[in-house]
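S.K.: My file is protein39.cif. It has mmCIF, C-alpha atoms:
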data_input
#
loop_
_atom_site.label_atom_id
_atom_site.label_comp_id
_atom_site.auth_asym_id
_atom_site.auth_seq_id
_atom_site.Cartn_x
_atom_site.Cartn_y
_atom_site.Cartn_z
CA MET A 41 -50.76 63.53 -50.28
CA PRO A 42 -52.15 62.60 -46.89
CA PHE A 43 -49.67 61.54 -44.28
CA ASP A 44 -50.03 57.86 -43.37
CA LYS A 45 -48.86 57.73 -39.72
CA LYS A 46 -49.64 54.04 -39.40
CA GLY A 47 -47.51 53.10 -42.43
CA THR A 48 -44.64 55.22 -41.21
CA ASP A 49 -44.70 53.55 -37.83
CA MET A 50 -44.54 50.15 -39.49
CA LYS A 51 -41.46 51.16 -41.47
CA ILE A 52 -39.67 52.60 -38.46
CA ALA A 53 -40.29 49.61 -36.17
CA PRO A 54 -38.18 47.07 -38.13
CA LEU A 55 -35.35 49.59 -38.37
CA ALA A 56 -35.39 50.05 -34.61
CA CYS A 57 -35.18 46.28 -34.12
CA VAL A 58 -32.14 46.04 -36.43
CA ILE A 59 -30.37 48.81 -34.54
CA ALA A 60 -31.16 47.15 -31.22
CA LEU A 61 -29.89 43.77 -32.43
CA ALA A 62 -26.70 45.28 -33.81
CA THR A 63 -26.05 47.08 -30.54
CA THR A 64 -26.66 43.89 -28.52
CA SER A 65 -24.39 41.87 -30.82
CA ALA A 66 -21.60 44.40 -30.58
CA TRP A 67 -21.88 44.42 -26.80
CA ALA A 68 -21.81 40.61 -26.62
CA GLN A 69 -18.65 40.46 -28.76
CA THR A 70 -16.79 42.98 -26.61
CA PRO A 71 -14.29 40.97 -24.49
CA LEU A 72 -14.64 41.29 -20.74
CA PRO A 73 -11.61 42.62 -18.91
CA ALA A 74 -9.39 39.75 -17.74
CA ARG A 75 -9.38 39.08 -14.03
CA PRO A 76 -5.93 39.57 -12.51
CA SER A 77 -4.31 36.15 -12.01
CA THR A 78 -3.22 35.13 -8.52
CA PRO A 79 0.42 34.02 -8.36
CA THR A 80 0.90 30.47 -7.05
CA ILE A 81 3.80 28.27 -6.00
CA THR A 82 4.01 24.48 -5.76
CA LEU A 83 5.69 22.98 -2.70
CA SER A 84 6.28 19.62 -1.06
CA ALA A 85 7.36 18.47 2.39
CA ASP A 86 8.19 15.13 4.02
CA ALA A 87 8.03 13.74 7.53
CA ALA A 88 9.01 10.34 8.96
CA ARG A 89 8.50 8.48 12.22
CA PRO A 90 9.56 5.00 13.37
CA ALA A 91 6.81 2.45 13.96
CA PRO A 92 7.51 -0.63 16.10
CA ASN A 93 7.28 -3.94 14.25
CA ASP A 94 4.74 -5.41 16.62
CA MET A 95 3.41 -8.08 14.22
CA GLY A 96 5.21 -11.04 12.71
CA GLN A 97 4.36 -13.44 9.90
CA VAL A 98 6.17 -16.74 9.45
CA ASN A 99 5.81 -19.20 6.56
CA VAL A 100 6.83 -22.79 7.26
CA PHE A 101 6.74 -25.70 4.83
CA VAL A 102 7.11 -29.45 4.45
CA GLU A 103 8.68 -30.78 1.26
CA GLU A 104 9.37 -34.39 0.31
CA SER A 105 10.01 -36.49 -2.80
CA GLY A 106 8.94 -40.02 -3.70
CA SER A 107 8.04 -42.33 -6.57
CA ASN A 108 4.49 -43.03 -5.31
CA PRO A 109 2.30 -39.90 -5.30
CA ALA A 110 -0.21 -41.37 -2.84
CA GLU A 111 2.47 -42.38 -0.33
CA LEU A 112 4.16 -39.01 -0.80
CA ALA A 113 0.95 -37.13 -0.05
CA LYS A 114 0.36 -39.28 3.03
CA ARG A 115 3.79 -38.45 4.47
CA VAL A 116 3.53 -34.73 3.79
CA ASN A 117 -0.02 -34.47 5.12
CA GLN A 118 0.99 -36.33 8.27
CA ARG A 119 3.75 -33.84 9.03
CA ILE A 120 1.46 -30.89 8.29
CA ASN A 121 -1.15 -32.32 10.65
CA GLU A 122 1.53 -32.64 13.35
CA ALA A 123 2.48 -29.01 12.80
CA LEU A 124 -1.15 -27.91 13.03
CA ALA A 125 -1.53 -29.84 16.27
CA MET A 126 1.39 -27.85 17.72
CA THR A 127 -0.26 -24.56 16.84
CA LYS A 128 -3.50 -25.39 18.68
CA SER A 129 -2.04 -24.47 22.06
CA TYR A 130 -1.04 -20.99 20.84
CA ALA A 131 -4.31 -19.06 20.85
CA THR A 132 -2.62 -15.74 20.02
CA VAL A 133 -1.11 -17.11 16.80
CA LYS A 134 -3.32 -17.20 13.71
CA THR A 135 -2.53 -20.23 11.53
CA GLN A 136 -3.77 -21.00 8.04
CA SER A 137 -2.80 -23.14 5.05
CA ALA A 138 -0.71 -21.26 2.49
CA GLY A 139 -0.89 -23.71 -0.40
CA THR A 140 0.13 -27.20 -1.53
CA GLN A 141 1.97 -28.11 -4.73
CA THR A 142 2.80 -31.44 -6.34
CA PHE A 143 4.97 -31.59 -9.44
CA PRO A 144 6.82 -34.30 -11.37
CA ILE A 145 10.57 -34.83 -11.57
CA TYR A 146 11.63 -36.05 -15.02
CA VAL A 147 14.48 -38.30 -16.04
CA LYS A 148 17.27 -36.16 -17.45
CA ASN A 149 16.79 -35.40 -21.16
CA SER A 150 13.51 -37.30 -21.15
CA THR A 151 9.78 -36.80 -20.74
CA ARG A 152 9.53 -39.84 -18.50
CA ILE A 153 8.56 -39.09 -14.90
CA GLU A 154 11.14 -40.38 -12.45
CA SER A 155 9.51 -39.30 -9.17
CA TRP A 156 7.26 -36.70 -7.57
CA ARG A 157 7.86 -33.78 -5.22
CA MET A 158 5.25 -32.33 -2.90
CA ARG A 159 5.38 -29.11 -0.90
CA SER A 160 2.80 -27.86 1.62
CA GLU A 161 2.97 -24.54 3.47
CA LEU A 162 1.50 -22.98 6.59
CA SER A 163 1.31 -19.27 7.40
CA LEU A 164 1.56 -18.06 11.02
CA GLN A 165 0.72 -14.50 12.06
CA SER A 166 0.64 -12.84 15.46
CA THR A 167 1.20 -9.64 17.40
CA ASP A 168 2.42 -11.85 20.27
CA ILE A 169 6.03 -11.97 19.13
CA PRO A 170 7.32 -14.16 22.04
CA ALA A 171 4.61 -16.76 21.35
CA LEU A 172 5.34 -16.68 17.63
CA SER A 173 9.04 -17.11 18.31
CA GLU A 174 8.46 -20.07 20.64
CA LEU A 175 6.06 -21.79 18.23
CA THR A 176 8.38 -21.29 15.28
CA GLY A 177 11.21 -22.91 17.22
CA LYS A 178 9.05 -25.97 17.98
CA LEU A 179 7.87 -26.27 14.38
CA GLN A 180 11.46 -26.52 13.20
CA SER A 181 11.47 -30.13 14.38
CA ILE A 182 9.11 -31.12 11.53
CA THR A 183 9.06 -28.14 9.15
CA ALA A 184 11.42 -25.63 7.62
CA VAL A 185 11.03 -21.87 7.87
CA GLN A 186 10.77 -20.24 4.49
CA GLN A 187 10.43 -16.60 5.49
CA LEU A 188 9.85 -14.29 8.42
CA ASN A 189 8.29 -10.86 7.91
CA LEU A 190 8.17 -8.25 10.66
CA MET A 191 5.96 -5.20 10.32
CA PRO A 192 3.76 -2.78 12.25
CA SER A 193 0.27 -4.09 12.94
CA PRO A 194 -2.55 -2.29 11.08
CA GLU A 195 -3.50 -0.40 14.26
CA THR A 196 0.09 0.72 14.88
CA GLN A 197 0.57 1.61 11.22
CA LYS A 198 -2.52 3.84 11.22
CA ARG A 199 -1.62 5.57 14.50
CA VAL A 200 1.92 6.39 13.43
CA ALA A 201 0.81 7.39 9.93
CA ASP A 202 -1.71 9.87 11.40
CA GLU A 203 0.95 11.36 13.67
CA THR A 204 3.40 11.60 10.79
CA MET A 205 0.78 13.25 8.57
CA VAL A 206 0.41 16.04 11.12
CA ASP A 207 4.19 16.53 11.07
CA ALA A 208 4.23 16.64 7.27
CA ILE A 209 1.39 19.18 7.04
CA GLN A 210 3.08 21.41 9.59
CA ALA A 211 6.33 21.16 7.61
CA PHE A 212 4.42 22.12 4.44
CA GLN A 213 2.90 25.15 6.15
CA ALA A 214 6.34 26.22 7.40
CA ARG A 215 7.80 26.00 3.88
CA ALA A 216 4.88 27.96 2.45
CA GLU A 217 5.40 30.67 5.06
CA VAL A 218 9.10 30.93 4.25
CA ALA A 219 8.42 31.19 0.51
CA ALA A 220 5.66 33.78 0.94
CA ARG A 221 7.77 35.88 3.30
CA ALA A 222 10.66 35.86 0.83
CA LEU A 223 8.31 37.27 -1.82
CA GLY A 224 6.75 39.80 0.51
CA LYS A 225 3.37 38.09 0.39
CA HIS A 226 0.88 36.28 2.53
CA PHE A 227 -0.33 32.84 1.47
CA ARG A 228 -3.42 30.67 1.28
CA ILE A 229 -3.29 26.91 0.66
CA ARG A 230 -5.24 26.00 -2.48
CA ASP A 231 -4.89 22.17 -2.47
CA LEU A 232 -2.95 19.39 -0.75
CA ASN A 233 -2.05 15.80 -1.63
CA VAL A 234 -1.02 13.40 1.14
CA ASN A 235 0.88 10.16 0.41
CA THR A 236 1.92 7.60 3.03
CA ASN A 237 4.65 4.99 2.64
CA SER A 238 6.19 2.52 5.06
CA MET A 239 9.47 0.63 4.76
CA ARG A 240 9.01 -2.90 6.07
CA PRO A 241 12.15 -4.99 6.60
CA ILE A 242 11.98 -8.65 5.56
CA PHE A 243 14.14 -11.29 7.23
CA ALA A 244 14.65 -14.59 5.41
CA ARG A 245 15.60 -17.68 7.36
CA LYS A 246 17.85 -20.62 6.53
CA SER A 247 17.19 -23.48 4.17
CA THR A 248 15.43 -26.77 4.88
CA VAL A 249 18.65 -28.67 5.63
CA MET A 250 19.76 -26.15 8.23
CA MET A 251 16.39 -26.32 9.93
CA MET A 252 16.48 -30.10 10.18
CA ASP A 253 19.94 -29.94 11.75
CA ALA A 254 18.47 -27.85 14.56
CA ALA A 255 15.53 -30.19 15.13
CA ALA A 256 17.18 -32.17 17.93
CA ALA A 257 16.72 -29.37 20.46
CA PRO A 258 13.94 -27.01 19.40
CA ALA A 259 14.37 -23.53 20.85
CA PRO A 260 12.55 -20.24 20.32
CA ALA A 261 13.48 -18.77 16.97
CA PRO A 262 15.51 -15.58 17.53
CA ILE A 263 13.37 -12.63 16.46
CA GLU A 264 14.51 -9.02 16.80
CA ALA A 265 11.41 -7.03 15.88
CA GLY A 266 13.00 -3.62 15.31
CA GLU A 267 11.18 -0.73 13.67
CA SER A 268 9.86 0.35 10.30
CA MET A 269 9.94 3.94 9.08
CA VAL A 270 6.61 5.46 8.13
CA THR A 271 7.04 8.36 5.69
CA VAL A 272 4.39 10.87 4.66
CA ASN A 273 4.79 13.23 1.71
CA VAL A 274 2.61 16.31 1.34
CA ASN A 275 2.58 18.33 -1.86
CA GLY A 276 0.25 21.06 -3.03
CA THR A 277 -0.29 24.55 -4.38
CA VAL A 278 -0.20 27.79 -2.43
CA GLU A 279 -1.73 31.11 -3.54
CA LEU A 280 0.24 34.25 -2.74
CA THR A 281 -1.87 37.16 -1.56
CA ASP A 282 -1.18 40.77 -0.58
#
Would you give me this structure, written as structure tokens?

M.R.:
Amino acid sequence: MPFDKKGTDMKIAPLACVIALATTSAWAQTPLPARPSTPTITLSADAARPAPNDMGQVNVFVEESGSNPAELAKRVNQRINEALAMTKSYATVKTQSAGTQTFPIYVKNSTRIESWRMRSELSLQSTDIPALSELTGKLQSITAVQQLNLMPSPETQKRVADETMVDAIQAFQARAEVAARALGKHFRIRDLNVNTNSMRPIFARKSTVMMMDAAAAPAPAPIEAGESMVTVNVNGTVELTD
């Protein structure tokens, strides 16, 4: 029987493809050797610096009651206008309205309105603390001080926060070095998270009645600015290397 070379080649070719596919599949399913993991440690460090409270914010208000809402509004608005007139000569003090409220006062155990109460507020803000103190003292003749907040100005806050961040990062590096040395390793910082927080003291002033008692001789409101602590926390992961 004559040898059919062409037919033989056709039979061998598919078999070769199957062998090649099987070999490729077996190679693909062979797991690659795992890369050695790098040991890591997680650390945190804190730093704090005092920031001078070089900005003050004062809220003053006028509050009155009366049976005639229109007359009540007239009296309150007149006193607010007088207060605003006082602020005009203090260019370093920013003044703005902080809200006005009018609400009814009911007869006891009844839905019948007995009278009305109106309250209007002004907000004063300045980095000129002596001017703010002097103006607040004058305003006490016609308004009451609701609250006084002392805090670092945005510029001061940013400057001190940046300085404190440097301290915190240096403290983090020092802790990482100590930990790596204890383990007989070198280290490389993988990631860092920086968080800033500031503690701002709030000083509340006396009630309306006490303010009106002092109206006879207006004097600068005593303000002791003090300091606020700016704290920065740094936490992150460190890789230990040989």

S.K.: Once the PyMOL selection byres ((chain A and resi 172) around 12) has been evaluated on this model, what residues remain selected, and can you format them as JSON, numbers by chain?

M.R.: {"A": [94, 95, 96, 97, 98, 99, 126, 127, 129, 130, 131, 132, 133, 134, 135, 163, 164, 165, 166, 167, 168, 169, 170, 171, 173, 174, 175, 176, 177, 178, 179, 188, 189, 190, 259, 260, 261, 262, 263, 264, 265]}

S.K.: For Ile229 (chain A), which residue out of A:Gly276, A:Trp156, A:Lys198, A:Pro90 is the nearest one, using all atoms listed in the file?

M.R.: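 Nearest candidate to Ile229 (chain A) out of A:Gly276, A:Trp156, A:Lys198, A:Pro90: A:Gly276.
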
S.K.: Evaluating the PyMOL selection byres ((chain A and resi 109-121) around 12) on the displayed file yields which residues, as a PyMOL selection string?

M.R.: chain A and resi 100-108+122-128+135-145+153-163+179-184

S.K.: For the residues in the current selection, export C-alpha atoms as a CSV table (one decimal), in the frame of the given file.

M.R.:
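The result, stored in again-v2.csv:
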chain,number,residue,atom,x,y,z
A,100,VAL,CA,6.8,-22.8,7.3
A,101,PHE,CA,6.7,-25.7,4.8
A,102,VAL,CA,7.1,-29.4,4.4
A,103,GLU,CA,8.7,-30.8,1.3
A,104,GLU,CA,9.4,-34.4,0.3
A,105,SER,CA,10.0,-36.5,-2.8
A,106,GLY,CA,8.9,-40.0,-3.7
A,107,SER,CA,8.0,-42.3,-6.6
A,108,ASN,CA,4.5,-43.0,-5.3
A,122,GLU,CA,1.5,-32.6,13.4
A,123,ALA,CA,2.5,-29.0,12.8
A,124,LEU,CA,-1.2,-27.9,13.0
A,125,ALA,CA,-1.5,-29.8,16.3
A,126,MET,CA,1.4,-27.8,17.7
A,127,THR,CA,-0.3,-24.6,16.8
A,128,LYS,CA,-3.5,-25.4,18.7
A,135,THR,CA,-2.5,-20.2,11.5
A,136,GLN,CA,-3.8,-21.0,8.0
A,137,SER,CA,-2.8,-23.1,5.0
A,138,ALA,CA,-0.7,-21.3,2.5
A,139,GLY,CA,-0.9,-23.7,-0.4
A,140,THR,CA,0.1,-27.2,-1.5
A,141,GLN,CA,2.0,-28.1,-4.7
A,142,THR,CA,2.8,-31.4,-6.3
A,143,PHE,CA,5.0,-31.6,-9.4
A,144,PRO,CA,6.8,-34.3,-11.4
A,145,ILE,CA,10.6,-34.8,-11.6
A,153,ILE,CA,8.6,-39.1,-14.9
A,154,GLU,CA,11.1,-40.4,-12.4
A,155,SER,CA,9.5,-39.3,-9.2
A,156,TRP,CA,7.3,-36.7,-7.6
A,157,ARG,CA,7.9,-33.8,-5.2
A,158,MET,CA,5.2,-32.3,-2.9
A,159,ARG,CA,5.4,-29.1,-0.9
A,160,SER,CA,2.8,-27.9,1.6
A,161,GLU,CA,3.0,-24.5,3.5
A,162,LEU,CA,1.5,-23.0,6.6
A,163,SER,CA,1.3,-19.3,7.4
A,179,LEU,CA,7.9,-26.3,14.4
A,180,GLN,CA,11.5,-26.5,13.2
A,181,SER,CA,11.5,-30.1,14.4
A,182,ILE,CA,9.1,-31.1,11.5
A,183,THR,CA,9.1,-28.1,9.2
A,184,ALA,CA,11.4,-25.6,7.6

S.K.: Can you work out the spacing between CA of Val234 (chain A) and CA of Ala87 (chain A) in Å, to one decimal?

M.R.: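 It comes out at 11.1 Å.
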
S.K.: Can you list, as a list in words, every protein, DNA or RNA residue that comes within 10 Å of Asp282 (chain A) when you count only C-alpha atoms, leaving out same-chain residues fewer than 3 positions away?

M.R.: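 Returned residues: Thr78, Ala220, Gly224, Lys225, His226 and Phe227 of chain A.
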
S.K.: Using only C-alpha atoms, which of the listed residues (A:Val185, A:Val147, A:Ala85, A:Ala222) sits closest to Thr204 (chain A)?

M.R.: A:Ala85

S.K.: Quick one: pull the distance between CA of Leu280 (chain A) and CA of Ile81 (chain A), Å, one decimal.

M.R.: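 It comes out at 7.7 Å.
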
S.K.: CA of Leu83 (chain A) to CA of Phe212 (chain A): how many Å, to one decimal?

M.R.: 7.3 Å

S.K.: If the PyMOL selection byres ((chain A and resi 232) around 12) were run on this exact file, what residues would it hold? Put them as a PyMOL selection string.

M.R.: chain A and resi 82-85+205+208-209+212-213+228-231+233-235+273-278

S.K.: Using the file's own x, y and z axes, what box holds all listed atoms of region 274-277 of chain A with 6 Å on each side, keeping edges along x, y and z, and what are its centre and edge lengths in Å to one decimal, as lines of an AutoDock Vina configuration file?

M.R.:
center_x = 1.2
center_y = 20.4
center_z = -1.5
size_x = 14.9
size_y = 20.2
size_z = 17.7

S.K.: Given the choices A:Ser268, A:Ser77, A:Gln210, A:Gln186, which gets closest to Asn93 (chain A) if the distance is worked out from all atoms listed in the file?

M.R.: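 Distance minimum relative to Asn93 (chain A) lands on A:Ser268.
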
S.K.: Could you name the residues that touch Ala201 (chain A) at 10 Å or less, counting only C-alpha atoms, but leaving out those on the same chain fewer than 2 positions away, as a list in words?

M.R.: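 Close residues of Ala201 (chain A): Ala87, Ala88, Arg89, Pro90, Ala91, Glu195, Thr196, Gln197, Lys198, Arg199, Glu203, Thr204, Met205, Val206, Asp207, Asn235, Thr236, Asn237, Ser238, Met269, Val270, Thr271 and Val272 of chain A.
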
S.K.: Deliver the residues from the most recent selection as a file, using C-alpha atoms, as a compact mmCIF listing (two decimals), in the coordinates of the input.

M.R.:
# COMPACT_ATOMS: atom_id res chain seq x y z
CA ALA A 87 8.03 13.74 7.53
CA ALA A 88 9.01 10.34 8.96
CA ARG A 89 8.50 8.48 12.22
CA PRO A 90 9.56 5.00 13.37
CA ALA A 91 6.81 2.45 13.96
CA GLU A 195 -3.50 -0.40 14.26
CA THR A 196 0.09 0.72 14.88
CA GLN A 197 0.57 1.61 11.22
CA LYS A 198 -2.52 3.84 11.22
CA ARG A 199 -1.62 5.57 14.50
CA GLU A 203 0.95 11.36 13.67
CA THR A 204 3.40 11.60 10.79
CA MET A 205 0.78 13.25 8.57
CA VAL A 206 0.41 16.04 11.12
CA ASP A 207 4.19 16.53 11.07
CA ASN A 235 0.88 10.16 0.41
CA THR A 236 1.92 7.60 3.03
CA ASN A 237 4.65 4.99 2.64
CA SER A 238 6.19 2.52 5.06
CA MET A 269 9.94 3.94 9.08
CA VAL A 270 6.61 5.46 8.13
CA THR A 271 7.04 8.36 5.69
CA VAL A 272 4.39 10.87 4.66
